[in-house]
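First the structure, in the form of structure tokens, and then the observations on it.
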Amino acid sequence: MDTTVTAGSEENVWSGGSNNKPLGASYGKMMMWFFIVSDALTFSGFIASYAFSRFKFADSWPIADEVFTHVPLFHGNYPMIYVAFMTFVLIMSSVTMVLAVDAGHKMKKNSVIWYMFFTIIGGAIFVGSQAWEWATFIKGDYGAVETKGGRILQFVKADTGERAALRDFATPLSEERTDHTSNKGIWFLGEKSLPSYSLNEVVNGFKSNSNILVRTENINEEGEKTLLTREESLKRLAGAKYVVEGANLIHNEYGSRLFADFFFFITGFHGFHVLSGVLINIIIFFNVILGTYERRGHYEMVEKVGLYWHFVDLVWVFVFTFFYLV
Amino acid sequence: MAHEHKLEIFRGLWKFKNNIQKIWGVLFFLTVVTAIEVVLGIYKPEVLMSPWINSFESGWFGSTMNVILSPFIYLKPLNLIFIVLTLVKAYYIAWDFMHLRDEKKGLRRAIVWTPVFLIGYLVFILLAEANYIYDIYSDGFVKWNF
């Protein structure tokens with residue numbers, strides 16, 4: 001109740017007339033904890049339902065190390081490196097936030113300003129990295145084929161065991177595929193963007209290139225995705241229905257559809273928290289510069305947004321484990 | 001606003017002169033833990049890739065033990081390590097960054113135990129159910145539906 005004292009009255013509602021605050025916490029801090037606990041339950045609902053789907057499809061779930069392998073500006077296969085960097089950035093910005101709170105306790109306005117500034121920069125780097133992760137995930141890498149039953153078939157080079165991208169083997173055919181437009185349809189709902197290769201081109205390319213094998217979603221005894229022989233591959237490809245490149249909420253080239261859905265929802269929900277955290281931090285940052293808390297006599301506001309900011313970090317630790325490590 | 005800080009972590013094994021030093025100490029510890037996770041995640045040592053205990057025969061005793069020891073029977077040790085290290089990190093973020101260490105015991109318990117019970121319950125029922133569905137898919141006649 002330190003912030004909204006009724007004018008001219010010594011009575012303090014939250015304090016019950018004395019200075020004994022319930023549980024030794026001010027009203028605002030207590031409410032921030034209420035919010036954090038309830039938000040933690042929301043996140044755990046998300047993560048637990050992710051775990052549910054993953055347990056359900058335990059032997060066909062995509063392997064994170066094969067999905068998140070990119071680092072900006074570098075080519076090649078670097079599983080986990082970039083996410084580890086993001087984790088470090090977020091922990092680091094948590095540290096500058098604690099330092100800001102600590103400086104606030106000592107009423108050092110200039111230190112608070114600088115530490116808040118670094119916290120905001122760290123948050124911005126994190127949100128930017130997450131946007132990049134999303135863009136890479138949506139754009140996709142190798143491309144795959146989806147069967148009638150909703151299974152994803154990926155392609156592998158038989159001699160090296162490396163993943164084969166559709167562009168490596170699909171043979172361009174001179175097929176006519178006209179875009180569906182509104183003047184040709186009675187009930188026109190729109191046309192999806194076409195993948196770079198048609199299903200025919202992929203299947204033909206597969207038939208003419210004996211070095212390519214199909215890789216199914218199923219995980220074998222060694223914890224790797226099962227490779228099919230040429231004959232089995234051709235049999236499976238006969239049931240193919242779509243070419244899938246990248247990911248959206250309906251199809252994705254990585255495997256189980258739920259995988260992409262949970263990726264978008266969980267990291268998106270977390271990213272939205274980081275974004276709002278950055279915005280709140282910016283507001284507090286300007287308040288500090290304007291001297292609002294100097295006049296108020298304490299920097300508890302910084303402490304409260306700090307709690308929220310650390311909570312965002314805390315959630316990321318769990319998302320990191322359950323999405324990228326386990 | 002309590003200004004006094006408890007300046008030791010690891011139950012007093014590591015003491016600090018002031019709060020700022022403690023913050024850097026905790027950062028160091030969290031960084032080390034993350035680095036361990038990343039290295040384990042990249043190299044995936046062979047010993048940690050299959051569970052250490054085989055599941056017990058079914059029957060009252062066996063089933064009970066399967067539930068009690070489920071983290072060691074059904075989880076790869078590597079994943080178990082990841083989960084434990086995550087909880088360790090969460091502890092230090094909450095205790096030192098969110099300075100729960102300096103709050104009253106009542107507040108701390110209200111904040112920690114409420115989610116622990118609720119999340120524990122949620123995770124337990126969801127995973128038990130998911131495991132059942134997995135069994136149906138692998139042993140039953142349902143092959144694939146969404």
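The way I read the labels, and the way they are meant: chains A, B, ... in the order of the structure tokens, residue 1 as the first residue of every chain, and ligand 1 as the first ligand shown, with later ones counted on from there.
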
Who sits within 10 Å of B:Leu100, only C-alpha atoms, same chain under 5 positions skipped, as a PyMOL selection string: chain B and resi 91-95+105+107-109+111-112

Residues of chain B at most 6 Å from chain A: nearest atom pair and distance in Å, only C-alpha atoms, as JSON lines:
```
{"residue": "B:Asn79", "atom": "CA", "partner": "A:Val326", "partner_atom": "CA", "distance": 5.3}
{"residue": "B:Ala90", "atom": "CA", "partner": "A:Leu314", "partner_atom": "CA", "distance": 5.9}
{"residue": "B:Met98", "atom": "CA", "partner": "A:Leu307", "partner_atom": "CA", "distance": 5.6}
{"residue": "B:Leu107", "atom": "CA", "partner": "A:Leu23", "partner_atom": "CA", "distance": 5.7}
{"residue": "B:Val123", "atom": "CA", "partner": "A:Ala48", "partner_atom": "CA", "distance": 5.7}
{"residue": "B:Leu126", "atom": "CA", "partner": "A:Phe52", "partner_atom": "CA", "distance": 5.7}
{"residue": "B:Leu127", "atom": "CA", "partner": "A:Phe52", "partner_atom": "CA", "distance": 5.6}
{"residue": "B:Ala130", "atom": "CA", "partner": "A:Lys56", "partner_atom": "CA", "distance": 4.9}
{"residue": "B:Ile133", "atom": "CA", "partner": "A:Lys56", "partner_atom": "CA", "distance": 5.9}
{"residue": "B:Tyr134", "atom": "CA", "partner": "A:Lys56", "partner_atom": "CA", "distance": 4.6}
```

Spatial neighbours of B:Leu69, 9 Å, only C-alpha atoms, chain gap at least 5 places, as a PyMOL selection string: chain B and resi 53+55+64+74

DSSP helix (DSSP H, G or I) selection over stretch 4-100 of chain B, as number ranges by chain: B: 19-43, 46-48, 60-68, 70-73, 77-97, 100

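When only C-alpha atoms are used to measure the gap to B:Arg11, the shortest distance among B:Arg101, B:Gly140, B:Tyr132, B:Leu122 belongs to B:Arg101.
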
Backbone DSSP call of strand (DSSP E) for chain B, listed as a ChimeraX atom specification: /B:8-9,14-15

Selected residues, C-alpha atoms, written as a PDB file, in the first residue's frame, please.
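Written file, out_34.pdb:
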```
ATOM      1  CA  GLU B   8      24.909 -17.459   1.162  1.00  0.00           C
ATOM      2  CA  ILE B   9      23.922 -20.190  -1.256  1.00  0.00           C
ATOM      3  CA  TRP B  14      29.318 -20.359  -0.659  1.00  0.00           C
ATOM      4  CA  LYS B  15      29.164 -17.029   1.165  1.00  0.00           C
TER       5      LYS B  15
END
```

Two-atom distance - atom CA of A:Lys157, atom CA of A:Gly205 (Å): 12.9 Å

Atom CA of A:Thr147 to atom CA of A:Trp187, distance in Å rounded to a single decimal: 27.1 Å

Residue neighbourhood stretch 276-285 of chain A, 12 Å, only C-alpha atoms, exclusion window fewer than 5 positions, as a PyMOL selection string: chain A and resi 90+93-94+97+100-101+109-128+269-271+290-293+299-313

Selection near stretch 164-166 of chain A, 9 Å with only C-alpha atoms, sequence-local residues under 5 positions removed, as a tab-separated table (two decimals) with C-alpha atoms, in the first residue's frame:
```tsv
chain	number	residue	atom	x	y	z
A	141	ASP	CA	14.71	-26.76	-44.66
A	142	TYR	CA	14.46	-29.99	-46.59
A	143	GLY	CA	10.80	-30.38	-47.41
A	144	ALA	CA	8.86	-33.60	-47.10
A	154	GLN	CA	11.33	-37.37	-45.35
A	155	PHE	CA	14.21	-38.11	-47.71
A	156	VAL	CA	17.75	-39.22	-47.02
A	157	LYS	CA	20.78	-39.75	-49.24
A	196	SER	CA	8.13	-25.30	-55.04
A	197	TYR	CA	7.69	-28.80	-56.44
A	202	VAL	CA	9.09	-35.29	-56.28
A	205	GLY	CA	12.76	-37.42	-59.07
A	212	ILE	CA	17.46	-41.41	-52.24
A	213	LEU	CA	15.61	-43.29	-49.52
```

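For the pair atom CA of A:His75 and atom CA of A:Ile219, the separation is 27.0 Å.
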
Nearby residues (only C-alpha atoms) at most 6 Å from stretch 33-48 of chain B, same-chain spacing under 3 positions excluded, as number ranges by chain: B: 30, 77-78

Requested write-out: C-alpha atoms of the selected residues, as a JSON list (two decimals), in the first residue's frame:
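Output below, filename again-v5.json:
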```json
[["chain", "number", "residue", "atom", "x", "y", "z"],
["B", 30, "LEU", "CA", 23.35, -21.01, -13.71],
["B", 77, "PRO", "CA", 18.84, -41.08, -17.44],
["B", 78, "LEU", "CA", 19.85, -38.22, -19.72]]
```

Close residues, A:Leu228 itself excluded, 9 Å, only C-alpha atoms, min 5 positions apart in chain, as a count of residues only: 5
